[in-house]
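For reference, the structure discussed in these notes is given below.
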2 protein chains.
Amino acid sequence: MDHIQRLKKDYPWIQTPVVVGAPMRLIALAEMAVEITKAGGIGFLGAGTSDISLPTQLQKVQTLLSSSPPLLTRSSTLPIGIGFINWGADLASSLPHIQQFRPAAVWFFSPSSPSSLQDWTQKTRQASPDTKIWIQVGSVAEALAALDVQPDVLVVQGTDAGGHGLARGAGLLPLFPEVQDAVTHACQSANRERPILIAAGGVVEARSAAAALTLGAEGVVLGTRLLASHEAVISPGYKKEVLRASDGGQTTVRTKVYDDIRGTTGWADTYNGRGVINRSFEDAVAGMSVEENKKLYGEEMEKGDSGWGPEARMTTYAGTGVGLVREIMGAGEIVGEVREGARRVAEGLKL
Amino acid sequence: MDHIQRLKKDYPWIQTPVVVGAPMRLIALAEMAVEITKAGGIGFLGAGTSDISLPTQLQKVQTLLSSSPPLLTRSSTLPIGIGFINWGADLASSLPHIQQFRPAAVWFFSPSSPSSLQDWTQKTRQASPDTKIWIQVGSVAEALAALDVQPDVLVVQGTDAGGHGLARGAGLLPLFPEVQDAVTHACQSANRERPILIAAGGVVEARSAAAALTLGAEGVVLGTRLLASHEAVISPGYKKEVLRASDGGQTTVRTKVYDDIRGTTGWADTYNGRGVINRSFEDAVAGMSVEENKKLYGEEMEKGDSGWGPEARMTTYAGTGVGLVREIMGAGEIVGEVREGARRVAEGLKL
């Protein structure tokens with residue numbers, strides 16, 4: 001069975017090329033996940049480091065889905081996924097909900113150790129055998145290491161992505177093919193089926209989606225683009241800043257500064273986050289202490305929507321493709337536009 | 001006339017999709033440029049900051065070309081280009097050779113000021129009206145600024161590229177479409193034809209080339225890949241290190257360290273270079289003084305081919321796609337493989 005057929009078997013409601021919604025922590029919740037799935041994509045809840053009430057959100061997903069015609073699913077799983085930031089998420093308290101709601105997929109990212117990843121994977125499979133295991137990786141080394149747990153899907157994230165990822169990295173253009181070769185070779189040597197490979201990081205609209213699929217990806221992930229959706233659970237000030245920012249290679253940066261001032265501890269040294277450059281970052285570079293920067297950040301939180309922007313201090317996590325995000329739309333509408341747009345780009349391609 | 005037709009008119013010997021050889025300073029000389037051009041690509045001499053004898057190399061190009069059947073050219077220009085690093089190259093001494101040899105193109109990169117770029121462009125056009133002006137840019141802002149001199153071609157370089165480029169940047173996946181939109185819009189507003197857009201940075205083999213063309217690029221540039229060619233004027237130790245290095249997102253880095261230890265001054269603060277991580281870089285990060293690092297680099301130069309490698313000190317400029325470079329081939333053979341491979345990838349693409 002080829003990889004696209006496997007995707008269609010495992011997630012029978014999808015339309016191809018498949019567009020996936022990134023499990024953005026505290027941003028991608030029930031409404032976004034459901035709208036993406038209803039549009040033929042695969043929606044994920046951003047459970048992060050166990051920062052949301054899983055039963056509340058999963059119950060909401062069920063309720064939202066029940067108001068429209070039932071979607072074809074595999075073994076009656078819930079047609080959305082749950083994304084965990086594994087170093088901080090709580091396995092024991094998550095398992096009963098995975099067992100009860102049986103999501104179509106779980107997405108693991110940044111586990112504290114190989115054995116922790118083993119643990120998450122084995123226990124999830126025991127709790128819900130039909131739930132597929134997705135693992136996010138950012139390098140060839142991480143991809144090969146992840147094969148130990150026989151993931152169903154590898155999400156290959158390039159360094160253009162917004163939010164957290166490996167501090168050092170490559171864009172998808174060189175990264176994806178090298179991962180594809182390495183993983184294919186390793187699986188052939190082990191006489192195993194290779195995982196489905198999905199591309200993330202820098203995919204924003206039709207052209208970048210079509211290019212990622214041309215690289216060989218079996219699907220693409222949208223993150224930054226979905227910040228400008230009605231369903232994204234962020235302030236209007238954040239959305240406005242996403243629409244304003246352009247030329248993201250110059251105006252975003254990968255840094256630990258935003259974690260420092262927000263008091264987010266726990267990420268490994270090799271990880272940081274990409275966000276739009278603002279006063280917090282500029283001041284940190286100019287030598288301001290974390291303490292002072294934190295205090296000013298705290299004050300900025302009082303300001304509401306004017307707290308975002310290049311001269312302000314609220315964090316705008318976003319990828320380098322932020323300049324291609326130009327209007328706020330429905331998450332489902334975005335998924336349809338990117339999917340059909342990518343198909344048109346591919347059809348028009350004549351070399 | 002569409003952009004591909006314009007390419008074929010301006011460089012009538014090419015085969016499409018067109019593959020261009022980066023004007024790697026002191027590395028891409030007459031042999032490489034000629035082999036690329038003979039294979040249906042566009043070869044460039046890497047004149048850098050006027051570091052080579054232009055008449056010697058251009059004469060050599062003529063001699064090498066004369067030994068094979070004549071290529072179709074436009075207005076009898078020489079069917080190769082010359083690449084300059086403009087902040088350091090000498091315009092006055094270059095012009096007579098441009099006038100005499102009439103290269104099909106010149107490639108400008110990192111001028112010291114907008115007026116300097118104006119100067120180079122105007123005087124080149126006076127000296128050789130049929131020579132096309134290519135300008136390398138690394139951001140939307142640089143692309144829009146370059147339009148002032150009405151370039152024939154913009155080379156859009158993503159941050160995955162090896163060697164020098166903007167210190168901050170985006171990969172081609174998000175960068176190229178945003179530049180394409182901005183440039184198209186600006187040219188439409190000014191009622192001018194838009195320049196041809198060529199993609200550089202992270203293009204190594206068939207898949208990445210096909211993806212760049214899917215983004216909308218009218219041609220692609222190879223740099224890192226051509227380091228592993230018979231014609232690259234570098235030590236076997238350098239080539240060996242290019243073949244060895246893999247997972248370039250993790251094992252290469254953009255830094256000023258290699259300029260510091262090599263005594264290269266002159267690059268603007270906003271530029272640096274990407275190379276494979278080695279002792280010089282690790283020591284610099286660990287706090288070693290530039291003076292001491294320079295001294296050790298000087299000593300390493302005595303070692304010959306063993307001076308390259310992760311535990312050694314000679315600089316291996318290379319892009320994040322270095323892991324996809326697996327064997328030393330002829331430059332012409334590489335061009336043919338990437339072009340035909342990209343076509344096959346595009347033909348096989350079914351979304």
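Ordering of the structure tokens sets the chain letters (A, B, ...), residue numbers begin anew at 1 in every chain, and ligands are numbered from 1 in the order given.
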So which bits of stretch 61-218 of chain A end up helix (DSSP H, G or I) when you DSSP the backbone, as an mmCIF file with C-alpha atoms, in the first residue's frame?
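File written: result-v4.cif
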```cif
data_model
loop_
_atom_site.group_PDB
_atom_site.id
_atom_site.type_symbol
_atom_site.label_atom_id
_atom_site.label_comp_id
_atom_site.auth_asym_id
_atom_site.auth_seq_id
_atom_site.Cartn_x
_atom_site.Cartn_y
_atom_site.Cartn_z
ATOM 1 C CA VAL A 61 -14.904 18.163 19.835
ATOM 2 C CA GLN A 62 -17.562 15.444 20.077
ATOM 3 C CA THR A 63 -20.315 17.992 20.512
ATOM 4 C CA LEU A 64 -19.144 20.156 17.626
ATOM 5 C CA LEU A 65 -18.790 17.140 15.355
ATOM 6 C CA SER A 66 -22.244 15.833 16.260
ATOM 7 C CA LEU A 91 1.294 10.827 30.669
ATOM 8 C CA ALA A 92 -0.597 9.233 33.543
ATOM 9 C CA SER A 93 -3.378 11.801 33.606
ATOM 10 C CA SER A 94 -3.618 11.922 29.796
ATOM 11 C CA LEU A 95 -3.994 8.186 29.229
ATOM 12 C CA PRO A 96 -7.545 7.737 30.545
ATOM 13 C CA HIS A 97 -8.762 10.440 28.140
ATOM 14 C CA ILE A 98 -6.869 8.920 25.225
ATOM 15 C CA GLN A 99 -8.466 5.599 26.139
ATOM 16 C CA GLN A 100 -11.951 7.075 26.467
ATOM 17 C CA PHE A 101 -11.997 9.372 23.421
ATOM 18 C CA PRO A 114 14.308 8.133 24.415
ATOM 19 C CA SER A 115 12.859 6.004 27.195
ATOM 20 C CA SER A 116 10.173 8.604 27.906
ATOM 21 C CA LEU A 117 9.193 8.493 24.245
ATOM 22 C CA GLN A 118 9.059 4.679 24.452
ATOM 23 C CA ASP A 119 6.812 4.993 27.477
ATOM 24 C CA TRP A 120 4.409 7.472 25.863
ATOM 25 C CA THR A 121 4.242 5.389 22.716
ATOM 26 C CA GLN A 122 3.720 1.997 24.338
ATOM 27 C CA LYS A 123 1.134 3.198 26.822
ATOM 28 C CA THR A 124 -0.788 5.146 24.217
ATOM 29 C CA ARG A 125 -0.895 2.068 21.989
ATOM 30 C CA GLN A 126 -2.114 -0.027 24.907
ATOM 31 C CA ALA A 127 -4.757 2.529 25.856
ATOM 32 C CA VAL A 140 18.087 13.660 10.319
ATOM 33 C CA ALA A 141 19.450 12.511 13.685
ATOM 34 C CA GLU A 142 16.104 13.033 15.438
ATOM 35 C CA ALA A 143 14.280 11.238 12.622
ATOM 36 C CA LEU A 144 16.507 8.175 12.847
ATOM 37 C CA ALA A 145 16.229 8.118 16.644
ATOM 38 C CA ALA A 146 12.430 8.285 16.444
ATOM 39 C CA LEU A 147 12.307 5.132 14.314
ATOM 40 C CA ASP A 148 12.993 3.094 17.457
ATOM 41 C CA VAL A 149 9.360 3.452 18.517
ATOM 42 C CA LEU A 172 12.576 21.970 4.335
ATOM 43 C CA LEU A 173 14.153 22.227 0.867
ATOM 44 C CA PRO A 174 17.353 20.485 1.955
ATOM 45 C CA LEU A 175 16.050 18.894 5.191
ATOM 46 C CA PHE A 176 13.117 16.892 3.869
ATOM 47 C CA PRO A 177 14.947 14.965 1.117
ATOM 48 C CA GLU A 178 17.814 14.061 3.442
ATOM 49 C CA VAL A 179 15.378 12.786 6.092
ATOM 50 C CA GLN A 180 13.413 10.915 3.443
ATOM 51 C CA ASP A 181 16.549 9.170 2.182
ATOM 52 C CA ALA A 182 17.839 8.323 5.662
ATOM 53 C CA VAL A 183 14.494 7.022 6.934
ATOM 54 C CA THR A 184 13.791 5.036 3.778
ATOM 55 C CA HIS A 185 17.210 3.448 3.944
ATOM 56 C CA ALA A 186 16.919 2.612 7.647
ATOM 57 C CA CYS A 187 13.465 1.069 7.229
ATOM 58 C CA GLN A 188 14.544 -0.964 4.213
ATOM 59 C CA SER A 189 17.525 -2.276 6.173
ATOM 60 C CA ALA A 206 -0.432 27.154 -2.200
ATOM 61 C CA ARG A 207 3.104 27.541 -3.543
ATOM 62 C CA SER A 208 4.937 26.523 -0.389
ATOM 63 C CA ALA A 209 2.501 23.622 0.119
ATOM 64 C CA ALA A 210 2.990 22.425 -3.463
ATOM 65 C CA ALA A 211 6.760 22.732 -3.074
ATOM 66 C CA ALA A 212 6.741 20.651 0.123
ATOM 67 C CA LEU A 213 4.693 17.983 -1.659
ATOM 68 C CA THR A 214 7.135 18.136 -4.583
ATOM 69 C CA LEU A 215 9.928 17.384 -2.122
#
```
- Task: Might you pull out every residue within 10 Å of B:Ala232, with only C-alpha atoms counted and same-chain residues fewer than 5 positions away left off, and present them as number ranges by chain?
- Result: B: 24, 26-33, 226-227, 239, 328, 330-331
- Considering only C-alpha atoms, return as a PyMOL selection string whatever protein or nucleic-acid residues lie within 8 Å of stretch 241-250 of chain B, sequence-local ones (same chain, fewer than 3 positions apart) excluded. (chain A and resi 139-141+168-171+175+178) or (chain B and resi 227-228+237-238+253+276+308-309+316+318-327)
- Message: Report, in Å with one decimal, the straight-line distance from atom CA of A:Leu72 to atom CA of A:Gly41.
- Response: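 Atom-to-atom, atom CA of A:Leu72 to atom CA of A:Gly41, that is 12.7 Å.
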- Task: Determine the nearest neighbour of B:Phe109 from the options B:Leu166, B:Leu296, B:Leu54, B:Ala346, counting only C-alpha atoms.
- Result: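 Using only C-alpha atoms, the shortest distance to B:Phe109 belongs to B:Leu166.
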Residues within 9 Å of B:Ala47, only C-alpha atoms, excluding chain neighbours under 3 positions, as a tab-separated table (two decimals) with N, CA, C and O atoms, in the first residue's frame:
```tsv
chain	number	residue	atom	x	y	z
B	23	PRO	N	28.58	31.71	-8.55
B	23	PRO	CA	29.93	32.27	-8.75
B	23	PRO	C	30.75	32.21	-7.47
B	23	PRO	O	31.07	33.24	-6.88
B	24	MET	N	31.06	31.00	-7.04
B	24	MET	CA	31.78	30.83	-5.78
B	24	MET	C	33.19	31.39	-5.92
B	24	MET	O	33.97	30.93	-6.74
B	25	ARG	N	33.47	32.36	-5.06
B	25	ARG	CA	34.74	33.09	-5.09
B	25	ARG	C	35.95	32.16	-5.06
B	25	ARG	O	36.06	31.32	-4.16
B	26	LEU	N	36.79	32.28	-6.05
B	26	LEU	CA	38.04	31.51	-6.15
B	26	LEU	C	37.83	30.01	-6.34
B	26	LEU	O	38.79	29.25	-6.41
B	28	ALA	N	34.78	28.70	-8.34
B	28	ALA	CA	34.18	28.52	-9.67
B	28	ALA	C	35.01	29.35	-10.66
B	28	ALA	O	34.85	30.56	-10.74
B	29	LEU	N	35.90	28.67	-11.38
B	29	LEU	CA	36.74	29.38	-12.36
B	29	LEU	C	36.41	28.87	-13.76
B	29	LEU	O	35.34	28.29	-13.97
B	44	PHE	N	29.15	30.53	-14.09
B	44	PHE	CA	29.67	31.83	-13.65
B	44	PHE	C	31.09	31.68	-13.12
B	44	PHE	O	31.40	30.68	-12.45
B	50	SER	N	37.37	40.92	-6.71
B	50	SER	CA	38.46	41.06	-7.68
B	50	SER	C	39.68	40.25	-7.25
B	50	SER	O	40.80	40.76	-7.18
B	51	ASP	N	39.42	38.96	-6.99
B	51	ASP	CA	40.48	38.11	-6.48
B	51	ASP	C	41.13	37.25	-7.56
B	51	ASP	O	42.05	36.49	-7.29
B	52	ILE	N	40.59	37.30	-8.77
B	52	ILE	CA	41.18	36.50	-9.84
B	52	ILE	C	41.58	37.44	-10.97
B	52	ILE	O	41.13	38.58	-11.02
B	53	SER	N	42.44	36.96	-11.84
B	53	SER	CA	42.78	37.74	-13.03
B	53	SER	C	41.66	37.51	-14.04
B	53	SER	O	41.55	36.44	-14.64
B	54	LEU	N	40.80	38.50	-14.21
B	54	LEU	CA	39.68	38.34	-15.15
B	54	LEU	C	40.15	38.03	-16.56
B	54	LEU	O	39.62	37.10	-17.18
B	82	ILE	N	29.95	36.49	-14.93
B	82	ILE	CA	30.98	36.80	-13.93
B	82	ILE	C	30.27	37.28	-12.67
B	82	ILE	O	29.42	38.17	-12.73
B	83	GLY	N	30.64	36.69	-11.53
B	83	GLY	CA	30.04	37.11	-10.27
B	83	GLY	C	30.99	37.98	-9.46
B	83	GLY	O	32.15	37.62	-9.28
B	84	PHE	N	30.49	39.12	-9.00
B	84	PHE	CA	31.30	40.03	-8.19
B	84	PHE	C	30.72	40.15	-6.78
B	84	PHE	O	29.49	40.21	-6.61
B	85	ILE	N	31.58	40.24	-5.80
B	85	ILE	CA	31.18	40.67	-4.46
B	85	ILE	C	31.48	42.16	-4.45
B	85	ILE	O	32.63	42.59	-4.31
B	89	ALA	N	34.99	44.43	-4.85
B	89	ALA	CA	35.49	44.29	-6.22
B	89	ALA	C	35.80	45.67	-6.80
B	89	ALA	O	35.22	46.67	-6.39
```
- Item | Residues within 8 Å of B:Met329, only C-alpha atoms, excluding chain neighbours under 5 positions, as number ranges by chain | B: 228-230, 334
- Message: Considering only C-alpha atoms, can you say which of B:Gly21, B:Pro70, B:Gly46, B:Gly158 comes closest to chain A?
- Response: B:Gly158
With only C-alpha atoms counted and 8 Å as the cut-off, give the residues of stretch 57-117 of chain B in contact with stretch 255-271 of chain B, each with its shortest interatomic distance in Å and the pair that gives it, as a Markdown table.
```
| residue | atom | partner | partner_atom | distance |
| --- | --- | --- | --- | --- |
| B:Trp87 | CA | B:Gly266 | CA | 7.2 |
| B:Gly88 | CA | B:Gly266 | CA | 7.1 |
| B:Ser112 | CA | B:Ala268 | CA | 7.9 |
```
- Measure the distance from atom CA of B:Thr224 to atom CA of A:Leu154 in Å and round it to one decimal.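 If I compute the distance from atom CA of B:Thr224 to atom CA of A:Leu154, I get 27.1 Å.
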- Query: Between A:Asn272, A:Ser235, A:Ser306, A:Thr252, which is the closest to chain B once you count only C-alpha atoms?
  - Reply: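 Answer, going by the shortest atom-to-atom distance: A:Thr252.
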- Take atom CA of A:Ala286 and atom CA of A:Gly273 and report the distance between them in Å, one decimal.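 For atom CA of A:Ala286 relative to atom CA of A:Gly273, the distance reads 19.2 Å.
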- Item | DSSP-assigned strand (DSSP E) members of stretch 71-309 of chain B, reported as a ChimeraX atom specification | /B:78-85,103-109,132-137,153-157,163-166,196-200,219-222,252-255,271-276
